[in-house]
Amino acid sequence: VVTTRTGKDPFSKIKLAADVKERIVPYTSSGVDVRNLDSIRAALKETNAGAVVYAASASKSGGNAAEVDGDGPANAAMACSGGGCKLVLVSALALDRPDSKSYQITNTMGGFIDKIMDEKLRGEDEVRKAMGGRGKGDYVIIRPGPLLSGKSKNGAVDIELNQGDTVGGGLSRDELAGVVVGALQAGVRGVTVECYRSKTATSLQPEFSVPSGNELRASTYAGLFDGAKKDV
């Protein structure tokens, strides 16, 4: 089930493969505004959701970084915790590295995304707290690198997960989607991972090494999470 702020079908003008289209059900009873906790709770109750993937971020018409990247994940976590749902949060690389170039540039772009890295970090912290504590609740936080154009050629075998926020890189949208689905299939809890195409692996700060020693590789997206360590 796919929800949007407006309640409109986001795929109405997009040509999808028949097998994909039949599995996607737009939630059109009403818009789901992540800034409104009751709005999320109502959608979860009506759909009887067992898991939620939070992939919203600030936009000109949908809310600023504080509202969507900070408050939004907190609201989703409170709704999931009260409703017995798993929560997968799509976040960002380098949130634990405020002195990194990536953090500094992204955080100071101004406008509706001003302080977006600060807010994404706050959103992560709120998720962990609302879901029962670091490493304890039924959540997975995925920190993707820059989204690359094109599609995956080899699927999960090209992807690497990491932990510790020292290495990152880019990946395509379908690869990120694969990682999200893998997190749901693997059944892991209380885990935070960075994800990127292994060939793009780059240290987030000059003093960090590549490889880091925390790499996770597998032939399936679910398998990528084998050996992932819980948050501490």
# chains A, B, ... in the order shown; residues from 1 in each chain; ligands from 1
$ residues_around --residues "Gly213 (chain A)" --least-positions-apart "3" --cutoff "12 Å" --atoms "only C-alpha atoms" --output "list in words"
Glu160, Leu161, Asn162, Gln163, Gly164, Thr166, Val167, Phe208, Ser209, Val210, Leu216 and Arg217 of chain A
$ write_last_selection --atoms "N, CA and C atoms" --output "mmCIF file, in the first residue's frame"
data_model
loop_
_atom_site.group_PDB
_atom_site.id
_atom_site.type_symbol
_atom_site.label_atom_id
_atom_site.label_comp_id
_atom_site.auth_asym_id
_atom_site.auth_seq_id
_atom_site.Cartn_x
_atom_site.Cartn_y
_atom_site.Cartn_z
ATOM 1 N N GLU A 160 26.774 -3.168 -1.209
ATOM 2 C CA GLU A 160 27.489 -3.395 0.041
ATOM 3 C C GLU A 160 26.790 -2.623 1.152
ATOM 4 N N LEU A 161 26.603 -3.270 2.280
ATOM 5 C CA LEU A 161 26.167 -2.568 3.486
ATOM 6 C C LEU A 161 27.390 -2.348 4.359
ATOM 7 N N ASN A 162 27.316 -1.330 5.195
ATOM 8 C CA ASN A 162 28.400 -1.047 6.119
ATOM 9 C C ASN A 162 27.794 -0.525 7.410
ATOM 10 N N GLN A 163 28.574 -0.489 8.455
ATOM 11 C CA GLN A 163 28.124 0.060 9.735
ATOM 12 C C GLN A 163 29.245 0.869 10.358
ATOM 13 N N GLY A 164 28.866 1.958 10.995
ATOM 14 C CA GLY A 164 29.860 2.836 11.604
ATOM 15 C C GLY A 164 29.926 4.199 10.961
ATOM 16 N N THR A 166 31.416 5.336 8.232
ATOM 17 C CA THR A 166 32.742 5.770 7.790
ATOM 18 C C THR A 166 32.926 5.630 6.291
ATOM 19 N N VAL A 167 32.093 4.801 5.646
ATOM 20 C CA VAL A 167 32.211 4.557 4.207
ATOM 21 C C VAL A 167 30.837 4.712 3.555
ATOM 22 N N PHE A 208 39.356 7.928 7.485
ATOM 23 C CA PHE A 208 38.714 6.614 7.476
ATOM 24 C C PHE A 208 39.275 5.743 6.352
ATOM 25 N N SER A 209 39.303 4.445 6.598
ATOM 26 C CA SER A 209 39.861 3.500 5.635
ATOM 27 C C SER A 209 38.776 2.797 4.832
ATOM 28 N N VAL A 210 39.123 2.448 3.595
ATOM 29 C CA VAL A 210 38.271 1.624 2.739
ATOM 30 C C VAL A 210 39.119 0.422 2.302
ATOM 31 N N LEU A 216 29.289 -5.743 4.573
ATOM 32 C CA LEU A 216 28.365 -6.871 4.510
ATOM 33 C C LEU A 216 28.008 -7.099 3.048
ATOM 34 N N ARG A 217 28.293 -8.306 2.524
ATOM 35 C CA ARG A 217 28.023 -8.636 1.132
ATOM 36 C C ARG A 217 27.210 -9.926 1.066
#
$ residues_around --residues "Ser172 (chain A)" --least-positions-apart "2" --cutoff "8 Å" --atoms "only C-alpha atoms" --output "ChimeraX atom specification"
/A:147-152,170,174-176
$ write_last_selection --atoms "N, CA and C atoms" --output "PDB file, in the first residue's frame"
ATOM      1  N   LEU A 147      21.705   8.993  -5.033  1.00  0.00           N
ATOM      2  CA  LEU A 147      20.970   8.126  -5.951  1.00  0.00           C
ATOM      3  C   LEU A 147      21.491   8.318  -7.377  1.00  0.00           C
ATOM      4  N   LEU A 148      21.904   7.224  -7.991  1.00  0.00           N
ATOM      5  CA  LEU A 148      22.486   7.247  -9.321  1.00  0.00           C
ATOM      6  C   LEU A 148      21.429   7.002 -10.386  1.00  0.00           C
ATOM      7  N   SER A 149      21.646   7.500 -11.584  1.00  0.00           N
ATOM      8  CA  SER A 149      20.720   7.254 -12.686  1.00  0.00           C
ATOM      9  C   SER A 149      20.887   5.825 -13.184  1.00  0.00           C
ATOM     10  N   GLY A 150      19.906   5.358 -13.919  1.00  0.00           N
ATOM     11  CA  GLY A 150      19.974   4.010 -14.454  1.00  0.00           C
ATOM     12  C   GLY A 150      19.480   2.976 -13.466  1.00  0.00           C
ATOM     13  N   LYS A 151      19.552   1.712 -13.887  1.00  0.00           N
ATOM     14  CA  LYS A 151      19.077   0.614 -13.049  1.00  0.00           C
ATOM     15  C   LYS A 151      20.199  -0.367 -12.757  1.00  0.00           C
ATOM     16  N   SER A 152      19.967  -1.169 -11.744  1.00  0.00           N
ATOM     17  CA  SER A 152      20.934  -2.180 -11.345  1.00  0.00           C
ATOM     18  C   SER A 152      21.152  -3.196 -12.464  1.00  0.00           C
ATOM     19  N   GLY A 170      27.343   5.678  -3.937  1.00  0.00           N
ATOM     20  CA  GLY A 170      26.056   5.821  -4.592  1.00  0.00           C
ATOM     21  C   GLY A 170      25.421   4.494  -4.955  1.00  0.00           C
ATOM     22  N   ASP A 174      16.415   1.494  -7.777  1.00  0.00           N
ATOM     23  CA  ASP A 174      15.924   0.124  -7.633  1.00  0.00           C
ATOM     24  C   ASP A 174      16.808  -0.687  -6.691  1.00  0.00           C
ATOM     25  N   GLU A 175      18.083  -0.347  -6.621  1.00  0.00           N
ATOM     26  CA  GLU A 175      18.966  -1.015  -5.658  1.00  0.00           C
ATOM     27  C   GLU A 175      18.580  -0.630  -4.227  1.00  0.00           C
ATOM     28  N   LEU A 176      18.276   0.649  -4.028  1.00  0.00           N
ATOM     29  CA  LEU A 176      17.822   1.080  -2.707  1.00  0.00           C
ATOM     30  C   LEU A 176      16.523   0.376  -2.339  1.00  0.00           C
TER      31      LEU A 176
END
$ residues_around --residues "Pro73 (chain A)" --least-positions-apart "2" --cutoff "12 Å" --atoms "only C-alpha atoms" --output "number ranges by chain"
A: 33-37, 40, 52-58, 65-71, 75-81, 87-91, 119-131, 139, 141
$ closest_residue --among "A:Val1, A:Val232, A:Ala156, A:Leu224" --to "Lys136 (chain A)" --atoms "only C-alpha atoms"
A:Val232
$ select_by_dssp --residues "region 7-207 of chain A" --states "helix (DSSP H, G or I)" --output "ChimeraX atom specification"
/A:18-21,37-47,65-83,101-107,111-113,116-130,155-158,173-186,198-200
